[in-house]
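A.B. asks: For reference, the file input.pdb (PDB, C-alpha atoms, pLDDT in the B column) is included below:
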ATOM      1  CA  MET F   1      -3.383  20.545  -4.658  1.00 36.00           C
ATOM      2  CA  ALA F   2      -1.359  18.909  -1.927  1.00 46.00           C
ATOM      3  CA  ARG F   3      -3.123  17.333   1.021  1.00 49.00           C
ATOM      4  CA  ARG F   4      -2.750  19.169   4.277  1.00 51.00           C
ATOM      5  CA  GLY F   5      -1.444  17.569   7.432  1.00 53.00           C
ATOM      6  CA  ALA F   6      -3.616  16.841  10.465  1.00 58.00           C
ATOM      7  CA  GLY F   7      -3.060  20.341  11.808  1.00 60.00           C
ATOM      8  CA  GLY F   8      -4.118  21.944   8.519  1.00 61.00           C
ATOM      9  CA  GLY F   9      -0.670  23.453   7.988  1.00 66.00           C
ATOM     10  CA  ALA F  10       2.052  21.869   5.895  1.00 71.00           C
ATOM     11  CA  PRO F  11       1.221  19.191   3.297  1.00 68.00           C
ATOM     12  CA  ALA F  12       1.162  15.614   4.615  1.00 80.00           C
ATOM     13  CA  ARG F  13       4.487  13.854   4.111  1.00 86.00           C
ATOM     14  CA  ILE F  14       5.357  10.243   3.511  1.00 85.00           C
ATOM     15  CA  ASP F  15       6.954   8.663   6.586  1.00 89.00           C
ATOM     16  CA  PHE F  16       9.792   6.725   4.943  1.00 88.00           C
ATOM     17  CA  SER F  17      11.212   5.595   8.276  1.00 90.00           C
ATOM     18  CA  GLY F  18       7.804   4.106   9.095  1.00 90.00           C
ATOM     19  CA  ILE F  19       7.744   2.302   5.741  1.00 90.00           C
ATOM     20  CA  TRP F  20      11.245   0.882   6.241  1.00 92.00           C
ATOM     21  CA  GLY F  21      10.448  -0.130   9.827  1.00 92.00           C
ATOM     22  CA  ALA F  22       7.238  -1.910   8.841  1.00 91.00           C
ATOM     23  CA  ALA F  23       9.027  -3.622   5.957  1.00 92.00           C
ATOM     24  CA  ALA F  24      11.711  -4.894   8.336  1.00 93.00           C
ATOM     25  CA  LEU F  25       9.078  -6.309  10.698  1.00 90.00           C
ATOM     26  CA  MET F  26       7.312  -7.976   7.756  1.00 89.00           C
ATOM     27  CA  GLY F  27      10.531  -9.397   6.328  1.00 90.00           C
ATOM     28  CA  VAL F  28      10.228  -7.402   3.091  1.00 89.00           C
ATOM     29  CA  GLN F  29      13.767  -6.774   1.872  1.00 88.00           C
ATOM     30  CA  ALA F  30      13.119  -5.039  -1.465  1.00 88.00           C
ATOM     31  CA  VAL F  31      10.981  -2.168  -0.148  1.00 89.00           C
ATOM     32  CA  GLY F  32      13.370   0.380  -1.674  1.00 88.00           C
ATOM     33  CA  GLN F  33      12.683  -1.029  -5.133  1.00 91.00           C
ATOM     34  CA  MET F  34       8.882  -0.974  -4.790  1.00 89.00           C
ATOM     35  CA  SER F  35       6.577   1.730  -6.065  1.00 88.00           C
ATOM     36  CA  LEU F  36       4.366   3.334  -3.457  1.00 86.00           C
ATOM     37  CA  GLY F  37       1.376   1.507  -4.971  1.00 86.00           C
ATOM     38  CA  HIS F  38       3.164  -1.841  -4.748  1.00 88.00           C
ATOM     39  CA  TRP F  39       4.073  -1.163  -1.133  1.00 89.00           C
ATOM     40  CA  LEU F  40       0.471  -0.236  -0.259  1.00 87.00           C
ATOM     41  CA  ALA F  41      -0.807  -3.439  -1.899  1.00 87.00           C
ATOM     42  CA  THR F  42       1.794  -5.459   0.032  1.00 89.00           C
ATOM     43  CA  LEU F  43       0.807  -3.752   3.273  1.00 89.00           C
ATOM     44  CA  GLU F  44      -2.897  -4.379   2.635  1.00 87.00           C
ATOM     45  CA  GLY F  45      -2.207  -8.057   1.959  1.00 85.00           C
ATOM     46  CA  TRP F  46      -0.105  -8.331   5.107  1.00 87.00           C
ATOM     47  CA  ARG F  47      -2.828  -6.771   7.225  1.00 87.00           C
ATOM     48  CA  LYS F  48      -5.436  -9.138   5.798  1.00 82.00           C
ATOM     49  CA  SER F  49      -3.198 -12.147   6.382  1.00 82.00           C
ATOM     50  CA  GLN F  50      -2.606 -11.147  10.004  1.00 85.00           C
ATOM     51  CA  ALA F  51      -6.262 -10.405  10.798  1.00 82.00           C
ATOM     52  CA  GLY F  52      -6.924 -13.920  12.088  1.00 79.00           C
ATOM     53  CA  THR F  53      -9.910 -14.461   9.832  1.00 76.00           C
ATOM     54  CA  LYS F  54     -10.009 -16.152   6.468  1.00 75.00           C
ATOM     55  CA  ALA F  55     -10.001 -13.541   3.752  1.00 68.00           C
ATOM     56  CA  ASP F  56     -12.194 -13.958   0.713  1.00 78.00           C
ATOM     57  CA  ALA F  57     -10.492 -14.141  -2.650  1.00 82.00           C
ATOM     58  CA  PRO F  58     -10.752 -10.887  -4.605  1.00 83.00           C
ATOM     59  CA  SER F  59     -13.336 -10.692  -7.348  1.00 89.00           C
ATOM     60  CA  ASP F  60     -12.085 -10.677 -10.931  1.00 91.00           C
ATOM     61  CA  GLU F  61     -12.923  -6.973 -11.138  1.00 90.00           C
ATOM     62  CA  ASP F  62     -10.977  -6.145  -7.959  1.00 87.00           C
ATOM     63  CA  PHE F  63      -8.000  -8.153  -9.189  1.00 86.00           C
ATOM     64  CA  GLU F  64      -7.998  -6.392 -12.570  1.00 86.00           C
ATOM     65  CA  ARG F  65      -8.326  -2.973 -10.866  1.00 84.00           C
ATOM     66  CA  VAL F  66      -5.376  -3.592  -8.552  1.00 82.00           C
ATOM     67  CA  LEU F  67      -3.295  -4.985 -11.418  1.00 82.00           C
ATOM     68  CA  ALA F  68      -4.044  -1.957 -13.619  1.00 82.00           C
ATOM     69  CA  GLN F  69      -3.250   0.446 -10.782  1.00 80.00           C
ATOM     70  CA  SER F  70       0.038  -1.300 -10.029  1.00 78.00           C
ATOM     71  CA  GLU F  71       1.044  -0.849 -13.660  1.00 76.00           C
ATOM     72  CA  GLY F  72       0.026   2.819 -13.670  1.00 71.00           C
ATOM     73  CA  LEU F  73      -2.904   2.257 -16.019  1.00 66.00           C
ATOM     74  CA  PRO F  74      -6.203   4.089 -15.669  1.00 66.00           C
ATOM     75  CA  TRP F  75      -9.102   2.032 -14.335  1.00 59.00           C
ATOM     76  CA  HIS F  76     -12.715   2.657 -15.327  1.00 57.00           C
TER      77      HIS F  76
END
Spit out the file's structure as structure tokens when you get a sec.
C.D. replies:
Amino acid sequence: MARRGAGGGAPARIDFSGIWGAAALMGVQAVGQMSLGHWLATLEGWRKSQAGTKADAPSDEDFERVLAQSEGLPWH
């Protein structure tokens, strides 16, 4: 079942212009070649790096989960 938009009407849509605009601001040139999962991981990393606080390294489990998800593998 598709997610509904904020108004409860049409399904939520991906804002590709927002993705391309954010990528341009971040200096990411290959956004068109990324999977949506890869882009979301890149965006999460960017946000953490710009937060102004030192981020903790991911745990081994978190790293393996993100790696499996980026490769389209199921994670248990």
A.B. asks: Go ahead and compute the interatomic distance for atom CA of Gly52 of chain F and atom CA of Gln33 of chain F, in Å to one decimal.
C.D. replies: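 These atoms are spaced 29.1 Å apart.
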A.B. asks: Atom CA of Asp62 of chain F and atom CA of Trp46 of chain F, how far apart in Å?
C.D. replies: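 Separation between atom CA of Trp46 of chain F and atom CA of Asp62 of chain F: 17.1 Å.
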A.B. asks: In Å, how far is it from atom CA of Gln69 of chain F to atom CA of Met26 of chain F?
C.D. replies: 22.9 Å
A.B. asks: (2.1, 2.2, -2.7) in this file's frame - what residues fall within 12 Å of it? Use only C-alpha atoms and give the answer as a PDB file with C-alpha atoms, keeping the file's coordinate frame.
C.D. replies:
ATOM      1  CA  ILE F  14       5.357  10.243   3.511  1.00 85.00           C
ATOM      2  CA  PHE F  16       9.792   6.725   4.943  1.00 88.00           C
ATOM      3  CA  ILE F  19       7.744   2.302   5.741  1.00 90.00           C
ATOM      4  CA  VAL F  31      10.981  -2.168  -0.148  1.00 89.00           C
ATOM      5  CA  GLY F  32      13.370   0.380  -1.674  1.00 88.00           C
ATOM      6  CA  GLN F  33      12.683  -1.029  -5.133  1.00 91.00           C
ATOM      7  CA  MET F  34       8.882  -0.974  -4.790  1.00 89.00           C
ATOM      8  CA  SER F  35       6.577   1.730  -6.065  1.00 88.00           C
ATOM      9  CA  LEU F  36       4.366   3.334  -3.457  1.00 86.00           C
ATOM     10  CA  GLY F  37       1.376   1.507  -4.971  1.00 86.00           C
ATOM     11  CA  HIS F  38       3.164  -1.841  -4.748  1.00 88.00           C
ATOM     12  CA  TRP F  39       4.073  -1.163  -1.133  1.00 89.00           C
ATOM     13  CA  LEU F  40       0.471  -0.236  -0.259  1.00 87.00           C
ATOM     14  CA  ALA F  41      -0.807  -3.439  -1.899  1.00 87.00           C
ATOM     15  CA  THR F  42       1.794  -5.459   0.032  1.00 89.00           C
ATOM     16  CA  LEU F  43       0.807  -3.752   3.273  1.00 89.00           C
ATOM     17  CA  GLU F  44      -2.897  -4.379   2.635  1.00 87.00           C
ATOM     18  CA  VAL F  66      -5.376  -3.592  -8.552  1.00 82.00           C
ATOM     19  CA  GLN F  69      -3.250   0.446 -10.782  1.00 80.00           C
ATOM     20  CA  SER F  70       0.038  -1.300 -10.029  1.00 78.00           C
ATOM     21  CA  GLU F  71       1.044  -0.849 -13.660  1.00 76.00           C
ATOM     22  CA  GLY F  72       0.026   2.819 -13.670  1.00 71.00           C
TER      23      GLY F  72
END
A.B. asks: Could you add N, CA and C atoms to segment 41-71 of chain F and give me the result as a PDB file, keeping the file's coordinate frame?
C.D. replies:
ATOM      1  N   ALA F  41      -0.162  -2.149  -1.649  1.00 87.00           N
ATOM      2  CA  ALA F  41      -0.807  -3.439  -1.899  1.00 87.00           C
ATOM      3  C   ALA F  41      -0.199  -4.521  -1.012  1.00 87.00           C
ATOM      4  N   THR F  42       1.117  -4.497  -0.840  1.00 89.00           N
ATOM      5  CA  THR F  42       1.794  -5.459   0.032  1.00 89.00           C
ATOM      6  C   THR F  42       1.328  -5.282   1.471  1.00 89.00           C
ATOM      7  N   LEU F  43       1.243  -4.050   1.909  1.00 89.00           N
ATOM      8  CA  LEU F  43       0.807  -3.752   3.273  1.00 89.00           C
ATOM      9  C   LEU F  43      -0.636  -4.201   3.493  1.00 89.00           C
ATOM     10  N   GLU F  44      -1.503  -3.949   2.522  1.00 87.00           N
ATOM     11  CA  GLU F  44      -2.897  -4.379   2.635  1.00 87.00           C
ATOM     12  C   GLU F  44      -2.991  -5.906   2.729  1.00 87.00           C
ATOM     13  N   GLY F  45      -2.228  -6.599   1.905  1.00 85.00           N
ATOM     14  CA  GLY F  45      -2.207  -8.057   1.959  1.00 85.00           C
ATOM     15  C   GLY F  45      -1.690  -8.572   3.288  1.00 85.00           C
ATOM     16  N   TRP F  46      -0.664  -7.936   3.815  1.00 87.00           N
ATOM     17  CA  TRP F  46      -0.105  -8.331   5.107  1.00 87.00           C
ATOM     18  C   TRP F  46      -1.147  -8.160   6.210  1.00 87.00           C
ATOM     19  N   ARG F  47      -1.812  -7.018   6.195  1.00 87.00           N
ATOM     20  CA  ARG F  47      -2.828  -6.771   7.225  1.00 87.00           C
ATOM     21  C   ARG F  47      -3.944  -7.804   7.154  1.00 87.00           C
ATOM     22  N   LYS F  48      -4.388  -8.123   5.955  1.00 82.00           N
ATOM     23  CA  LYS F  48      -5.436  -9.138   5.798  1.00 82.00           C
ATOM     24  C   LYS F  48      -4.952 -10.495   6.288  1.00 82.00           C
ATOM     25  N   SER F  49      -3.709 -10.830   5.984  1.00 82.00           N
ATOM     26  CA  SER F  49      -3.198 -12.147   6.382  1.00 82.00           C
ATOM     27  C   SER F  49      -3.012 -12.260   7.887  1.00 82.00           C
ATOM     28  N   GLN F  50      -2.829 -11.145   8.562  1.00 85.00           N
ATOM     29  CA  GLN F  50      -2.606 -11.147  10.004  1.00 85.00           C
ATOM     30  C   GLN F  50      -3.884 -10.911  10.803  1.00 85.00           C
ATOM     31  N   ALA F  51      -5.009 -10.751  10.123  1.00 82.00           N
ATOM     32  CA  ALA F  51      -6.262 -10.405  10.798  1.00 82.00           C
ATOM     33  C   ALA F  51      -6.842 -11.563  11.608  1.00 82.00           C
ATOM     34  N   GLY F  52      -6.423 -12.786  11.335  1.00 79.00           N
ATOM     35  CA  GLY F  52      -6.924 -13.920  12.088  1.00 79.00           C
ATOM     36  C   GLY F  52      -8.197 -14.514  11.527  1.00 79.00           C
ATOM     37  N   THR F  53      -8.723 -13.919  10.481  1.00 76.00           N
ATOM     38  CA  THR F  53      -9.910 -14.461   9.832  1.00 76.00           C
ATOM     39  C   THR F  53      -9.555 -14.814   8.399  1.00 76.00           C
ATOM     40  N   LYS F  54     -10.282 -15.745   7.844  1.00 75.00           N
ATOM     41  CA  LYS F  54     -10.009 -16.152   6.468  1.00 75.00           C
ATOM     42  C   LYS F  54     -10.517 -15.077   5.523  1.00 75.00           C
ATOM     43  N   ALA F  55      -9.630 -14.575   4.710  1.00 68.00           N
ATOM     44  CA  ALA F  55     -10.001 -13.541   3.752  1.00 68.00           C
ATOM     45  C   ALA F  55     -10.610 -14.173   2.505  1.00 68.00           C
ATOM     46  N   ASP F  56     -11.598 -13.504   1.966  1.00 78.00           N
ATOM     47  CA  ASP F  56     -12.194 -13.958   0.713  1.00 78.00           C
ATOM     48  C   ASP F  56     -11.270 -13.602  -0.441  1.00 78.00           C
ATOM     49  N   ALA F  57     -11.278 -14.431  -1.451  1.00 82.00           N
ATOM     50  CA  ALA F  57     -10.492 -14.141  -2.650  1.00 82.00           C
ATOM     51  C   ALA F  57     -11.070 -12.898  -3.324  1.00 82.00           C
ATOM     52  N   PRO F  58     -10.226 -12.069  -3.936  1.00 83.00           N
ATOM     53  CA  PRO F  58     -10.752 -10.887  -4.605  1.00 83.00           C
ATOM     54  C   PRO F  58     -11.586 -11.288  -5.817  1.00 83.00           C
ATOM     55  N   SER F  59     -12.550 -10.455  -6.138  1.00 89.00           N
ATOM     56  CA  SER F  59     -13.336 -10.692  -7.348  1.00 89.00           C
ATOM     57  C   SER F  59     -12.441 -10.440  -8.558  1.00 89.00           C
ATOM     58  N   ASP F  60     -12.861 -10.921  -9.708  1.00 91.00           N
ATOM     59  CA  ASP F  60     -12.085 -10.677 -10.931  1.00 91.00           C
ATOM     60  C   ASP F  60     -11.920  -9.184 -11.174  1.00 91.00           C
ATOM     61  N   GLU F  61     -12.982  -8.420 -10.925  1.00 90.00           N
ATOM     62  CA  GLU F  61     -12.923  -6.973 -11.138  1.00 90.00           C
ATOM     63  C   GLU F  61     -11.916  -6.316 -10.194  1.00 90.00           C
ATOM     64  N   ASP F  62     -11.938  -6.699  -8.918  1.00 87.00           N
ATOM     65  CA  ASP F  62     -10.977  -6.145  -7.959  1.00 87.00           C
ATOM     66  C   ASP F  62      -9.546  -6.493  -8.354  1.00 87.00           C
ATOM     67  N   PHE F  63      -9.337  -7.735  -8.771  1.00 86.00           N
ATOM     68  CA  PHE F  63      -8.000  -8.153  -9.189  1.00 86.00           C
ATOM     69  C   PHE F  63      -7.519  -7.326 -10.377  1.00 86.00           C
ATOM     70  N   GLU F  64      -8.370  -7.164 -11.379  1.00 86.00           N
ATOM     71  CA  GLU F  64      -7.998  -6.392 -12.570  1.00 86.00           C
ATOM     72  C   GLU F  64      -7.734  -4.935 -12.216  1.00 86.00           C
ATOM     73  N   ARG F  65      -8.521  -4.359 -11.289  1.00 84.00           N
ATOM     74  CA  ARG F  65      -8.326  -2.973 -10.866  1.00 84.00           C
ATOM     75  C   ARG F  65      -6.969  -2.800 -10.204  1.00 84.00           C
ATOM     76  N   VAL F  66      -6.657  -3.689  -9.262  1.00 82.00           N
ATOM     77  CA  VAL F  66      -5.376  -3.592  -8.552  1.00 82.00           C
ATOM     78  C   VAL F  66      -4.211  -3.800  -9.511  1.00 82.00           C
ATOM     79  N   LEU F  67      -4.344  -4.741 -10.437  1.00 82.00           N
ATOM     80  CA  LEU F  67      -3.295  -4.985 -11.418  1.00 82.00           C
ATOM     81  C   LEU F  67      -3.079  -3.756 -12.299  1.00 82.00           C
ATOM     82  N   ALA F  68      -4.158  -3.157 -12.777  1.00 82.00           N
ATOM     83  CA  ALA F  68      -4.044  -1.957 -13.619  1.00 82.00           C
ATOM     84  C   ALA F  68      -3.411  -0.809 -12.846  1.00 82.00           C
ATOM     85  N   GLN F  69      -3.814  -0.634 -11.592  1.00 80.00           N
ATOM     86  CA  GLN F  69      -3.250   0.446 -10.782  1.00 80.00           C
ATOM     87  C   GLN F  69      -1.768   0.220 -10.506  1.00 80.00           C
ATOM     88  N   SER F  70      -1.372  -1.018 -10.307  1.00 78.00           N
ATOM     89  CA  SER F  70       0.038  -1.300 -10.029  1.00 78.00           C
ATOM     90  C   SER F  70       0.909  -1.035 -11.251  1.00 78.00           C
ATOM     91  N   GLU F  71       0.302  -1.103 -12.422  1.00 76.00           N
ATOM     92  CA  GLU F  71       1.044  -0.849 -13.660  1.00 76.00           C
ATOM     93  C   GLU F  71       0.887   0.592 -14.134  1.00 76.00           C
TER      94      GLU F  71
END
